[in-house]
file data-v2.pdb (PDB, C-alpha atoms)
ATOM      1  CA  LEU A   1     -10.987 -15.536  41.955  1.00  0.00           C
ATOM      2  CA  LEU A   2      -7.293 -16.292  41.779  1.00  0.00           C
ATOM      3  CA  LYS A   3      -7.752 -17.896  38.378  1.00  0.00           C
ATOM      4  CA  SER A   4      -9.677 -14.876  37.159  1.00  0.00           C
ATOM      5  CA  SER A   5      -6.883 -12.588  38.379  1.00  0.00           C
ATOM      6  CA  ASP A   6      -4.264 -14.685  36.598  1.00  0.00           C
ATOM      7  CA  GLU A   7      -6.263 -14.524  33.380  1.00  0.00           C
ATOM      8  CA  MET A   8      -6.635 -10.762  33.732  1.00  0.00           C
ATOM      9  CA  PHE A   9      -2.889 -10.209  34.162  1.00  0.00           C
ATOM     10  CA  SER A  10      -2.170 -12.591  31.294  1.00  0.00           C
ATOM     11  CA  THR A  11      -4.427 -10.489  29.062  1.00  0.00           C
ATOM     12  CA  LEU A  12      -2.761  -7.282  30.230  1.00  0.00           C
ATOM     13  CA  ASP A  13       0.704  -8.718  29.582  1.00  0.00           C
ATOM     14  CA  LEU A  14      -0.297  -9.797  26.072  1.00  0.00           C
ATOM     15  CA  GLY A  15      -1.795  -6.367  25.456  1.00  0.00           C
ATOM     16  CA  MET A  16       1.442  -4.640  26.482  1.00  0.00           C
ATOM     17  CA  ILE A  17       3.478  -6.906  24.202  1.00  0.00           C
ATOM     18  CA  ASP A  18       1.147  -6.223  21.276  1.00  0.00           C
ATOM     19  CA  LEU A  19       1.266  -2.492  21.967  1.00  0.00           C
ATOM     20  CA  LYS A  20       5.068  -2.470  21.884  1.00  0.00           C
ATOM     21  CA  LYS A  21       5.032  -4.407  18.619  1.00  0.00           C
ATOM     22  CA  GLY A  22       2.326  -2.193  17.106  1.00  0.00           C
ATOM     23  CA  ILE A  23      -0.176  -5.030  16.755  1.00  0.00           C
ATOM     24  CA  LEU A  24      -3.942  -4.731  17.109  1.00  0.00           C
ATOM     25  CA  ARG A  25      -5.679  -7.784  18.574  1.00  0.00           C
ATOM     26  CA  CYS A  26      -9.213  -8.255  19.877  1.00  0.00           C
ATOM     27  CA  VAL A  27      -9.749  -9.518  23.403  1.00  0.00           C
ATOM     28  CA  GLY A  28     -11.389 -12.941  23.147  1.00  0.00           C
ATOM     29  CA  LYS A  29     -13.179 -13.913  19.925  1.00  0.00           C
ATOM     30  CA  ALA A  30     -12.626 -11.184  17.327  1.00  0.00           C
ATOM     31  CA  GLU A  31     -15.802 -11.970  15.403  1.00  0.00           C
ATOM     32  CA  GLN A  32     -17.876 -11.682  18.556  1.00  0.00           C
ATOM     33  CA  ARG A  33     -16.306  -8.329  19.466  1.00  0.00           C
ATOM     34  CA  PHE A  34     -17.181  -6.888  16.056  1.00  0.00           C
ATOM     35  CA  ARG A  35     -20.707  -8.285  16.173  1.00  0.00           C
ATOM     36  CA  GLU A  36     -21.258  -6.602  19.543  1.00  0.00           C
ATOM     37  CA  ASP A  37     -20.414  -3.242  18.001  1.00  0.00           C
ATOM     38  CA  PRO A  38     -19.571  -3.186  14.266  1.00  0.00           C
ATOM     39  CA  LEU A  39     -18.169   0.334  14.614  1.00  0.00           C
ATOM     40  CA  ARG A  40     -15.137  -1.325  16.219  1.00  0.00           C
ATOM     41  CA  ILE A  41     -14.202  -2.371  12.690  1.00  0.00           C
ATOM     42  CA  LEU A  42     -13.747   1.228  11.578  1.00  0.00           C
ATOM     43  CA  ARG A  43     -12.172   2.149  14.901  1.00  0.00           C
ATOM     44  CA  GLY A  44      -9.566  -0.554  14.361  1.00  0.00           C
ATOM     45  CA  LEU A  45      -8.858   0.735  10.858  1.00  0.00           C
ATOM     46  CA  ARG A  46      -8.580   4.239  12.269  1.00  0.00           C
ATOM     47  CA  PHE A  47      -5.957   3.070  14.784  1.00  0.00           C
ATOM     48  CA  ALA A  48      -4.051   1.373  11.969  1.00  0.00           C
ATOM     49  CA  SER A  49      -4.227   4.504   9.823  1.00  0.00           C
ATOM     50  CA  CYS A  50      -3.314   7.012  12.530  1.00  0.00           C
ATOM     51  CA  PHE A  51      -0.686   5.018  14.445  1.00  0.00           C
ATOM     52  CA  GLY A  52       0.666   2.652  11.822  1.00  0.00           C
ATOM     53  CA  PHE A  53      -0.471  -0.478  13.692  1.00  0.00           C
ATOM     54  CA  SER A  54      -0.908  -3.832  11.965  1.00  0.00           C
ATOM     55  CA  PHE A  55      -3.541  -6.466  12.721  1.00  0.00           C
ATOM     56  CA  GLU A  56      -3.088  -9.882  14.274  1.00  0.00           C
ATOM     57  CA  GLU A  57      -4.158 -12.505  11.716  1.00  0.00           C
ATOM     58  CA  GLU A  58      -7.467 -13.578  13.259  1.00  0.00           C
ATOM     59  CA  THR A  59      -8.433  -9.977  13.975  1.00  0.00           C
ATOM     60  CA  ALA A  60      -7.732  -9.022  10.340  1.00  0.00           C
ATOM     61  CA  LYS A  61      -9.874 -11.906   9.099  1.00  0.00           C
ATOM     62  CA  ALA A  62     -12.719 -10.960  11.416  1.00  0.00           C
ATOM     63  CA  LEU A  63     -12.517  -7.318  10.304  1.00  0.00           C
ATOM     64  CA  LYS A  64     -13.264  -8.367   6.746  1.00  0.00           C
ATOM     65  CA  LYS A  65     -15.728 -11.124   7.564  1.00  0.00           C
ATOM     66  CA  GLU A  66     -17.932  -8.961   9.788  1.00  0.00           C
ATOM     67  CA  ARG A  67     -17.795  -5.792   7.680  1.00  0.00           C
ATOM     68  CA  ASN A  68     -21.460  -6.007   6.679  1.00  0.00           C
ATOM     69  CA  GLY A  69     -22.353  -5.141  10.250  1.00  0.00           C
ATOM     70  CA  LEU A  70     -21.358  -1.575   9.412  1.00  0.00           C
ATOM     71  CA  THR A  71     -24.554  -1.220   7.391  1.00  0.00           C
ATOM     72  CA  LYS A  72     -26.430  -1.235  10.696  1.00  0.00           C
ATOM     73  CA  VAL A  73     -24.369   1.616  12.173  1.00  0.00           C
ATOM     74  CA  SER A  74     -25.690   5.169  11.919  1.00  0.00           C
ATOM     75  CA  GLY A  75     -24.159   7.452   9.316  1.00  0.00           C
ATOM     76  CA  GLU A  76     -23.056   9.887  12.021  1.00  0.00           C
ATOM     77  CA  ARG A  77     -20.976   7.276  13.852  1.00  0.00           C
ATOM     78  CA  VAL A  78     -19.399   6.020  10.624  1.00  0.00           C
ATOM     79  CA  ARG A  79     -18.615   9.585   9.587  1.00  0.00           C
ATOM     80  CA  GLU A  80     -16.682  10.431  12.752  1.00  0.00           C
ATOM     81  CA  GLU A  81     -14.402   7.399  12.480  1.00  0.00           C
ATOM     82  CA  LEU A  82     -13.961   7.869   8.738  1.00  0.00           C
ATOM     83  CA  ASN A  83     -12.916  11.492   9.191  1.00  0.00           C
ATOM     84  CA  ARG A  84     -10.082  10.610  11.542  1.00  0.00           C
ATOM     85  CA  LEU A  85      -9.074   7.571   9.513  1.00  0.00           C
ATOM     86  CA  LEU A  86      -8.620   9.610   6.329  1.00  0.00           C
ATOM     87  CA  LEU A  87      -6.183  11.925   8.101  1.00  0.00           C
ATOM     88  CA  GLY A  88      -3.926   9.093   9.274  1.00  0.00           C
ATOM     89  CA  LYS A  89      -0.307   8.759   8.229  1.00  0.00           C
ATOM     90  CA  ASN A  90      -0.846   5.141   7.155  1.00  0.00           C
ATOM     91  CA  VAL A  91      -4.084   5.753   5.258  1.00  0.00           C
ATOM     92  CA  LEU A  92      -2.794   4.299   1.985  1.00  0.00           C
ATOM     93  CA  GLN A  93      -2.194   0.810   3.351  1.00  0.00           C
ATOM     94  CA  VAL A  94      -5.549   0.801   5.128  1.00  0.00           C
ATOM     95  CA  LEU A  95      -7.406   1.870   1.975  1.00  0.00           C
ATOM     96  CA  LEU A  96      -5.628  -0.752  -0.126  1.00  0.00           C
ATOM     97  CA  ASN A  97      -5.734  -3.663   2.326  1.00  0.00           C
ATOM     98  CA  PHE A  98      -9.332  -3.168   3.452  1.00  0.00           C
ATOM     99  CA  SER A  99     -11.030  -1.973   0.294  1.00  0.00           C
ATOM    100  CA  SER A 100     -13.985  -4.291   0.944  1.00  0.00           C
ATOM    101  CA  THR A 101     -14.728  -2.407   4.163  1.00  0.00           C
ATOM    102  CA  PHE A 102     -14.806   0.956   2.408  1.00  0.00           C
ATOM    103  CA  VAL A 103     -17.058  -0.486  -0.270  1.00  0.00           C
ATOM    104  CA  THR A 104     -19.439  -1.542   2.516  1.00  0.00           C
ATOM    105  CA  ILE A 105     -19.883   2.041   3.729  1.00  0.00           C
ATOM    106  CA  MET A 106     -19.530   3.556   0.259  1.00  0.00           C
ATOM    107  CA  PRO A 107     -20.932   0.962  -2.183  1.00  0.00           C
ATOM    108  CA  GLU A 108     -20.527   3.425  -5.046  1.00  0.00           C
ATOM    109  CA  LEU A 109     -16.783   2.668  -4.830  1.00  0.00           C
ATOM    110  CA  PHE A 110     -17.244  -1.011  -5.684  1.00  0.00           C
ATOM    111  CA  PRO A 111     -16.934  -0.652  -9.500  1.00  0.00           C
ATOM    112  CA  THR A 112     -13.613   1.218  -9.086  1.00  0.00           C
ATOM    113  CA  ILE A 113     -11.851  -1.790  -7.523  1.00  0.00           C
ATOM    114  CA  GLY A 114      -9.734  -3.527 -10.142  1.00  0.00           C
ATOM    115  CA  PHE A 115     -11.019  -1.211 -12.878  1.00  0.00           C
ATOM    116  CA  GLU A 116      -8.189  -0.687 -15.378  1.00  0.00           C
ATOM    117  CA  GLN A 117      -8.079   2.779 -16.936  1.00  0.00           C
ATOM    118  CA  HIS A 118      -6.341   1.909 -20.244  1.00  0.00           C
ATOM    119  CA  ASN A 119      -4.939   5.401 -20.336  1.00  0.00           C
ATOM    120  CA  ARG A 120      -1.335   6.556 -20.662  1.00  0.00           C
ATOM    121  CA  TYR A 121      -1.872   9.078 -17.877  1.00  0.00           C
ATOM    122  CA  HIS A 122      -2.772   6.377 -15.328  1.00  0.00           C
ATOM    123  CA  CYS A 123      -0.778   3.305 -14.313  1.00  0.00           C
ATOM    124  CA  TYR A 124      -3.149   2.279 -11.480  1.00  0.00           C
ATOM    125  CA  THR A 125      -6.694   0.960 -11.326  1.00  0.00           C
ATOM    126  CA  VAL A 126      -9.297   3.590 -10.477  1.00  0.00           C
ATOM    127  CA  TYR A 127      -9.498   2.538  -6.822  1.00  0.00           C
ATOM    128  CA  GLU A 128      -5.738   2.433  -6.290  1.00  0.00           C
ATOM    129  CA  HIS A 129      -5.466   5.826  -7.983  1.00  0.00           C
ATOM    130  CA  LEU A 130      -8.021   7.208  -5.509  1.00  0.00           C
ATOM    131  CA  ALA A 131      -6.156   5.711  -2.546  1.00  0.00           C
ATOM    132  CA  ARG A 132      -2.791   7.064  -3.683  1.00  0.00           C
ATOM    133  CA  ALA A 133      -4.260  10.486  -4.390  1.00  0.00           C
ATOM    134  CA  VAL A 134      -5.574  10.647  -0.827  1.00  0.00           C
ATOM    135  CA  ASP A 135      -2.206   9.597   0.582  1.00  0.00           C
ATOM    136  CA  SER A 136      -0.231  12.128  -1.462  1.00  0.00           C
ATOM    137  CA  SER A 137      -2.450  15.094  -0.616  1.00  0.00           C
ATOM    138  CA  LYS A 138      -2.443  17.818   1.967  1.00  0.00           C
ATOM    139  CA  ASN A 139      -3.636  16.484   5.329  1.00  0.00           C
ATOM    140  CA  HIS A 140      -6.956  18.309   5.163  1.00  0.00           C
ATOM    141  CA  LEU A 141     -10.256  16.482   5.537  1.00  0.00           C
ATOM    142  CA  THR A 142     -12.177  18.258   2.762  1.00  0.00           C
ATOM    143  CA  VAL A 143      -9.327  17.789   0.306  1.00  0.00           C
ATOM    144  CA  ARG A 144      -8.858  14.120   1.190  1.00  0.00           C
ATOM    145  CA  MET A 145     -12.561  13.355   0.977  1.00  0.00           C
ATOM    146  CA  ALA A 146     -12.706  15.046  -2.418  1.00  0.00           C
ATOM    147  CA  LEU A 147      -9.756  12.988  -3.625  1.00  0.00           C
ATOM    148  CA  LEU A 148     -11.243   9.749  -2.323  1.00  0.00           C
ATOM    149  CA  LEU A 149     -14.357  10.378  -4.419  1.00  0.00           C
ATOM    150  CA  HIS A 150     -13.127  12.495  -7.327  1.00  0.00           C
ATOM    151  CA  ASP A 151     -13.122   9.605  -9.836  1.00  0.00           C
ATOM    152  CA  VAL A 152     -15.829   7.412  -8.313  1.00  0.00           C
ATOM    153  CA  GLY A 153     -17.950   7.911 -11.431  1.00  0.00           C
ATOM    154  CA  LYS A 154     -15.287   6.801 -13.919  1.00  0.00           C
ATOM    155  CA  PRO A 155     -16.413   3.180 -14.437  1.00  0.00           C
ATOM    156  CA  SER A 156     -19.928   4.286 -15.363  1.00  0.00           C
ATOM    157  CA  CYS A 157     -18.742   6.499 -18.225  1.00  0.00           C
ATOM    158  CA  PHE A 158     -15.794   4.472 -19.548  1.00  0.00           C
ATOM    159  CA  THR A 159     -15.334   4.192 -23.298  1.00  0.00           C
ATOM    160  CA  GLN A 160     -12.482   3.066 -25.562  1.00  0.00           C
ATOM    161  CA  ASP A 161     -11.466   4.415 -28.945  1.00  0.00           C
ATOM    162  CA  GLU A 162     -10.185   2.445 -31.928  1.00  0.00           C
ATOM    163  CA  GLN A 163      -6.698   2.348 -30.413  1.00  0.00           C
ATOM    164  CA  ASN A 164      -8.157   0.929 -27.155  1.00  0.00           C
ATOM    165  CA  ASN A 165      -7.345   4.095 -25.247  1.00  0.00           C
ATOM    166  CA  GLY A 166      -9.677   4.636 -22.312  1.00  0.00           C
ATOM    167  CA  HIS A 167     -11.777   7.796 -21.974  1.00  0.00           C
ATOM    168  CA  PHE A 168     -14.015   9.016 -19.160  1.00  0.00           C
ATOM    169  CA  TYR A 169     -16.095  11.823 -20.608  1.00  0.00           C
ATOM    170  CA  ALA A 170     -18.126  13.784 -18.035  1.00  0.00           C
ATOM    171  CA  HIS A 171     -16.699  11.714 -15.190  1.00  0.00           C
ATOM    172  CA  ALA A 172     -16.251  14.780 -12.972  1.00  0.00           C
ATOM    173  CA  LYS A 173     -19.957  15.576 -13.113  1.00  0.00           C
ATOM    174  CA  ILE A 174     -20.968  11.980 -12.436  1.00  0.00           C
ATOM    175  CA  SER A 175     -18.438  11.673  -9.603  1.00  0.00           C
ATOM    176  CA  GLU A 176     -19.825  14.850  -8.067  1.00  0.00           C
ATOM    177  CA  GLN A 177     -23.324  13.359  -8.114  1.00  0.00           C
ATOM    178  CA  TYR A 178     -22.147  10.140  -6.466  1.00  0.00           C
ATOM    179  CA  ALA A 179     -20.208  12.099  -3.852  1.00  0.00           C
ATOM    180  CA  GLU A 180     -23.284  14.087  -2.871  1.00  0.00           C
ATOM    181  CA  ILE A 181     -25.260  10.874  -2.409  1.00  0.00           C
ATOM    182  CA  ILE A 182     -22.513   9.305  -0.274  1.00  0.00           C
ATOM    183  CA  LEU A 183     -21.940  12.349   1.917  1.00  0.00           C
ATOM    184  CA  ASN A 184     -25.640  12.875   2.505  1.00  0.00           C
ATOM    185  CA  ARG A 185     -25.984   9.242   3.537  1.00  0.00           C
ATOM    186  CA  LEU A 186     -23.174   9.719   6.068  1.00  0.00           C
ATOM    187  CA  ARG A 187     -24.837  12.876   7.401  1.00  0.00           C
ATOM    188  CA  TYR A 188     -22.125  15.382   6.510  1.00  0.00           C
ATOM    189  CA  ASP A 189     -22.981  19.028   7.002  1.00  0.00           C
ATOM    190  CA  ARG A 190     -24.128  21.042   4.010  1.00  0.00           C
ATOM    191  CA  LYS A 191     -20.995  23.212   3.857  1.00  0.00           C
ATOM    192  CA  THR A 192     -18.688  20.182   3.689  1.00  0.00           C
ATOM    193  CA  ILE A 193     -20.819  18.518   1.015  1.00  0.00           C
ATOM    194  CA  GLU A 194     -20.848  21.651  -1.119  1.00  0.00           C
ATOM    195  CA  ARG A 195     -17.091  22.153  -0.780  1.00  0.00           C
ATOM    196  CA  VAL A 196     -16.199  18.536  -1.572  1.00  0.00           C
ATOM    197  CA  CYS A 197     -18.551  18.502  -4.556  1.00  0.00           C
ATOM    198  CA  GLN A 198     -17.144  21.781  -5.802  1.00  0.00           C
ATOM    199  CA  LEU A 199     -13.595  20.423  -5.714  1.00  0.00           C
ATOM    200  CA  ILE A 200     -14.681  17.269  -7.536  1.00  0.00           C
ATOM    201  CA  HIS A 201     -16.581  19.287 -10.127  1.00  0.00           C
ATOM    202  CA  TYR A 202     -13.478  21.308 -11.039  1.00  0.00           C
ATOM    203  CA  HIS A 203     -10.757  18.713 -10.357  1.00  0.00           C
ATOM    204  CA  ASP A 204     -10.083  18.149 -14.057  1.00  0.00           C
ATOM    205  CA  ALA A 205      -9.987  21.834 -14.964  1.00  0.00           C
ATOM    206  CA  THR A 206      -6.837  23.469 -16.324  1.00  0.00           C
ATOM    207  CA  ILE A 207      -5.850  26.714 -14.603  1.00  0.00           C
ATOM    208  CA  GLU A 208      -3.539  28.843 -16.712  1.00  0.00           C
ATOM    209  CA  VAL A 209      -0.893  30.617 -14.671  1.00  0.00           C
ATOM    210  CA  GLU A 210      -1.846  34.146 -15.615  1.00  0.00           C
ATOM    211  CA  GLU A 211      -3.012  36.817 -13.214  1.00  0.00           C
ATOM    212  CA  ARG A 212      -6.483  37.240 -14.710  1.00  0.00           C
ATOM    213  CA  ASN A 213      -7.088  33.483 -14.730  1.00  0.00           C
ATOM    214  CA  VAL A 214      -5.888  33.086 -11.155  1.00  0.00           C
ATOM    215  CA  LYS A 215      -8.170  35.904 -10.038  1.00  0.00           C
ATOM    216  CA  ARG A 216     -11.096  34.330 -11.864  1.00  0.00           C
ATOM    217  CA  TRP A 217     -10.542  31.002 -10.092  1.00  0.00           C
ATOM    218  CA  LEU A 218     -10.079  32.689  -6.718  1.00  0.00           C
ATOM    219  CA  ASN A 219     -13.439  34.391  -7.197  1.00  0.00           C
ATOM    220  CA  ARG A 220     -15.010  31.087  -8.184  1.00  0.00           C
ATOM    221  CA  LEU A 221     -13.484  28.868  -5.494  1.00  0.00           C
ATOM    222  CA  GLY A 222     -12.393  31.198  -2.705  1.00  0.00           C
TER     223      GLY A 222
END
call {"tool": "encode", "arguments": {"input": "data-v2.pdb", "output": "structure tokens"}}
result
Amino acid sequence: LLKSSDEMFSTLDLGMIDLKKGILRCVGKAEQRFREDPLRILRGLRFASCFGFSFEEETAKALKKERNGLTKVSGERVREELNRLLLGKNVLQVLLNFSSTFVTIMPELFPTIGFEQHNRYHCYTVYEHLARAVDSSKNHLTVRMALLLHDVGKPSCFTQDEQNNGHFYAHAKISEQYAEIILNRLRYDRKTIERVCQLIHYHDATIEVEERNVKRWLNRLG
């Protein structure tokens, strides 16, 4: 009993030290903790995103190694953690450092990772562009979800001209279709799906700053 008490206080002391340093560490074997409940993977990423915590080395490795367990978690549970994660102040680093985890819950994102755009308007790969767009946006869930998915269809419609410039014709429409599939799989409500898809559909549109055009868009989008 005494030994058990000593071990308990040792764990508590280590936890307090980690908390002060902003480090996330699993109790015991990290891989085992994530196998017990794979949703802990997303919960850990949510803590990192919302509070700016970093991961202890073994915990970070286990997060990536056990990510496939998330495929066994219900869409509703994934959705709730993802919602809060996307609104975190450190969302950019989480999206960039754990891209493989996001691909696990949104496999449609896989082709965007490392995909060069060959376009003078874009200096980042498609996935990094998505991540940075989320980070630079208004802290609103519908907006951030739309930005995370607004170019998800780009790799499937990529072409290059004779000067090797990249083009993505109809990518908004294709991205909208992918987004609807993803959001339905994660059991989002119909209103959210429609709003996110609407924003993706029109994200490439040019709105002229004239009163009649502004009124037209207000009538169209609300």
call {"tool": "resolve_selection", "arguments": {"input": "data-v2.pdb", "expression": "the PyMOL selection byres ((chain A and resi 73) around 12)", "output": "number ranges by chain"}}
result
A: 34-42, 67-72, 74-81, 104-105, 185-186
call {"tool": "resolve_selection", "arguments": {"input": "data-v2.pdb", "expression": "the PyMOL selection byres ((chain A and resi 190-192) around 12)", "output": "list of chain:residue names"}}
result
A:Asn83, A:His140, A:Leu141, A:Thr142, A:Val143, A:Arg144, A:Met145, A:Ala146, A:Ala179, A:Glu180, A:Leu183, A:Asn184, A:Arg185, A:Leu186, A:Arg187, A:Tyr188, A:Asp189, A:Ile193, A:Glu194, A:Arg195, A:Val196, A:Cys197, A:Gln198, A:Leu199
call {"tool": "atom_distance", "arguments": {"input": "data-v2.pdb", "atom1": "CA of Asp161 in chain A", "atom2": "CA of Glu116 in chain A"}}
result
14.9 Å
call {"tool": "atom_distance", "arguments": {"input": "data-v2.pdb", "atom1": "CA of Val134 in chain A", "atom2": "CA of Leu24 in chain A"}}
result
23.7 Å
call {"tool": "atom_distance", "arguments": {"input": "data-v2.pdb", "atom1": "CA of Gly166 in chain A", "atom2": "CA of Asp135 in chain A"}}
result
24.6 Å
call {"tool": "residues_around", "arguments": {"input": "data-v2.pdb", "residues": "range 43-51 of chain A", "least_positions_apart": "2", "cutoff": "8 Å", "atoms": "only C-alpha atoms", "output": "count of residues only"}}
result
20
call {"tool": "closest_residue", "arguments": {"input": "data-v2.pdb", "among": "A:Trp217, A:Tyr169, A:Phe110, A:Tyr127", "to": "Leu148 in chain A", "atoms": "all atoms listed in the file"}}
result
A:Tyr127
call {"tool": "build_atoms", "arguments": {"input": "data-v2.pdb", "residues": "range 187-212 of chain A", "atoms": "N, CA and C atoms", "output": "CSV table (one decimal), in the frame of the given file"}}
result
chain,number,residue,atom,x,y,z
A,187,ARG,N,-24.4,11.7,6.6
A,187,ARG,CA,-24.8,12.9,7.4
A,187,ARG,C,-23.8,14.0,7.6
A,188,TYR,N,-23.1,14.3,6.5
A,188,TYR,CA,-22.1,15.4,6.5
A,188,TYR,C,-22.9,16.7,6.5
A,189,ASP,N,-22.3,17.7,7.0
A,189,ASP,CA,-23.0,19.0,7.0
A,189,ASP,C,-23.0,19.6,5.6
A,190,ARG,N,-23.9,20.5,5.3
A,190,ARG,CA,-24.1,21.0,4.0
A,190,ARG,C,-22.9,21.7,3.5
A,191,LYS,N,-22.2,22.5,4.3
A,191,LYS,CA,-21.0,23.2,3.9
A,191,LYS,C,-19.9,22.2,3.4
A,192,THR,N,-19.7,21.2,4.1
A,192,THR,CA,-18.7,20.2,3.7
A,192,THR,C,-19.1,19.5,2.4
A,193,ILE,N,-20.3,19.2,2.2
A,193,ILE,CA,-20.8,18.5,1.0
A,193,ILE,C,-20.6,19.4,-0.2
A,194,GLU,N,-21.0,20.7,0.0
A,194,GLU,CA,-20.8,21.7,-1.1
A,194,GLU,C,-19.4,21.8,-1.5
A,195,ARG,N,-18.5,21.9,-0.5
A,195,ARG,CA,-17.1,22.2,-0.8
A,195,ARG,C,-16.5,20.9,-1.5
A,196,VAL,N,-16.7,19.7,-1.0
A,196,VAL,CA,-16.2,18.5,-1.6
A,196,VAL,C,-16.7,18.4,-3.0
A,197,CYS,N,-18.0,18.6,-3.2
A,197,CYS,CA,-18.6,18.5,-4.6
A,197,CYS,C,-18.0,19.6,-5.5
A,198,GLN,N,-17.7,20.7,-5.0
A,198,GLN,CA,-17.1,21.8,-5.8
A,198,GLN,C,-15.7,21.4,-6.3
A,199,LEU,N,-14.9,20.8,-5.4
A,199,LEU,CA,-13.6,20.4,-5.7
A,199,LEU,C,-13.6,19.3,-6.7
A,200,ILE,N,-14.6,18.4,-6.6
A,200,ILE,CA,-14.7,17.3,-7.5
A,200,ILE,C,-15.1,17.8,-8.9
A,201,HIS,N,-16.1,18.7,-8.9
A,201,HIS,CA,-16.6,19.3,-10.1
A,201,HIS,C,-15.5,19.9,-11.0
A,202,TYR,N,-14.5,20.6,-10.3
A,202,TYR,CA,-13.5,21.3,-11.0
A,202,TYR,C,-12.1,20.6,-11.1
A,203,HIS,N,-12.1,19.3,-10.5
A,203,HIS,CA,-10.8,18.7,-10.4
A,203,HIS,C,-10.0,18.5,-11.7
A,204,ASP,N,-10.7,18.4,-12.8
A,204,ASP,CA,-10.1,18.1,-14.1
A,204,ASP,C,-9.8,19.4,-14.9
A,205,ALA,N,-10.1,20.6,-14.2
A,205,ALA,CA,-10.0,21.8,-15.0
A,205,ALA,C,-8.5,22.2,-15.1
A,206,THR,N,-8.2,23.0,-16.1
A,206,THR,CA,-6.8,23.5,-16.3
A,206,THR,C,-6.8,25.0,-16.0
A,207,ILE,N,-6.0,25.3,-15.0
A,207,ILE,CA,-5.8,26.7,-14.6
A,207,ILE,C,-4.6,27.3,-15.2
A,208,GLU,N,-4.7,28.2,-16.1
A,208,GLU,CA,-3.5,28.8,-16.7
A,208,GLU,C,-2.9,29.8,-15.7
A,209,VAL,N,-1.6,29.8,-15.7
A,209,VAL,CA,-0.9,30.6,-14.7
A,209,VAL,C,-0.7,32.0,-15.2
A,210,GLU,N,-1.8,32.7,-15.3
A,210,GLU,CA,-1.8,34.1,-15.6
A,210,GLU,C,-2.7,34.9,-14.6
A,211,GLU,N,-2.4,36.1,-14.3
A,211,GLU,CA,-3.0,36.8,-13.2
A,211,GLU,C,-4.5,36.9,-13.4
A,212,ARG,N,-5.0,37.1,-14.5
A,212,ARG,CA,-6.5,37.2,-14.7
A,212,ARG,C,-7.2,35.9,-14.5
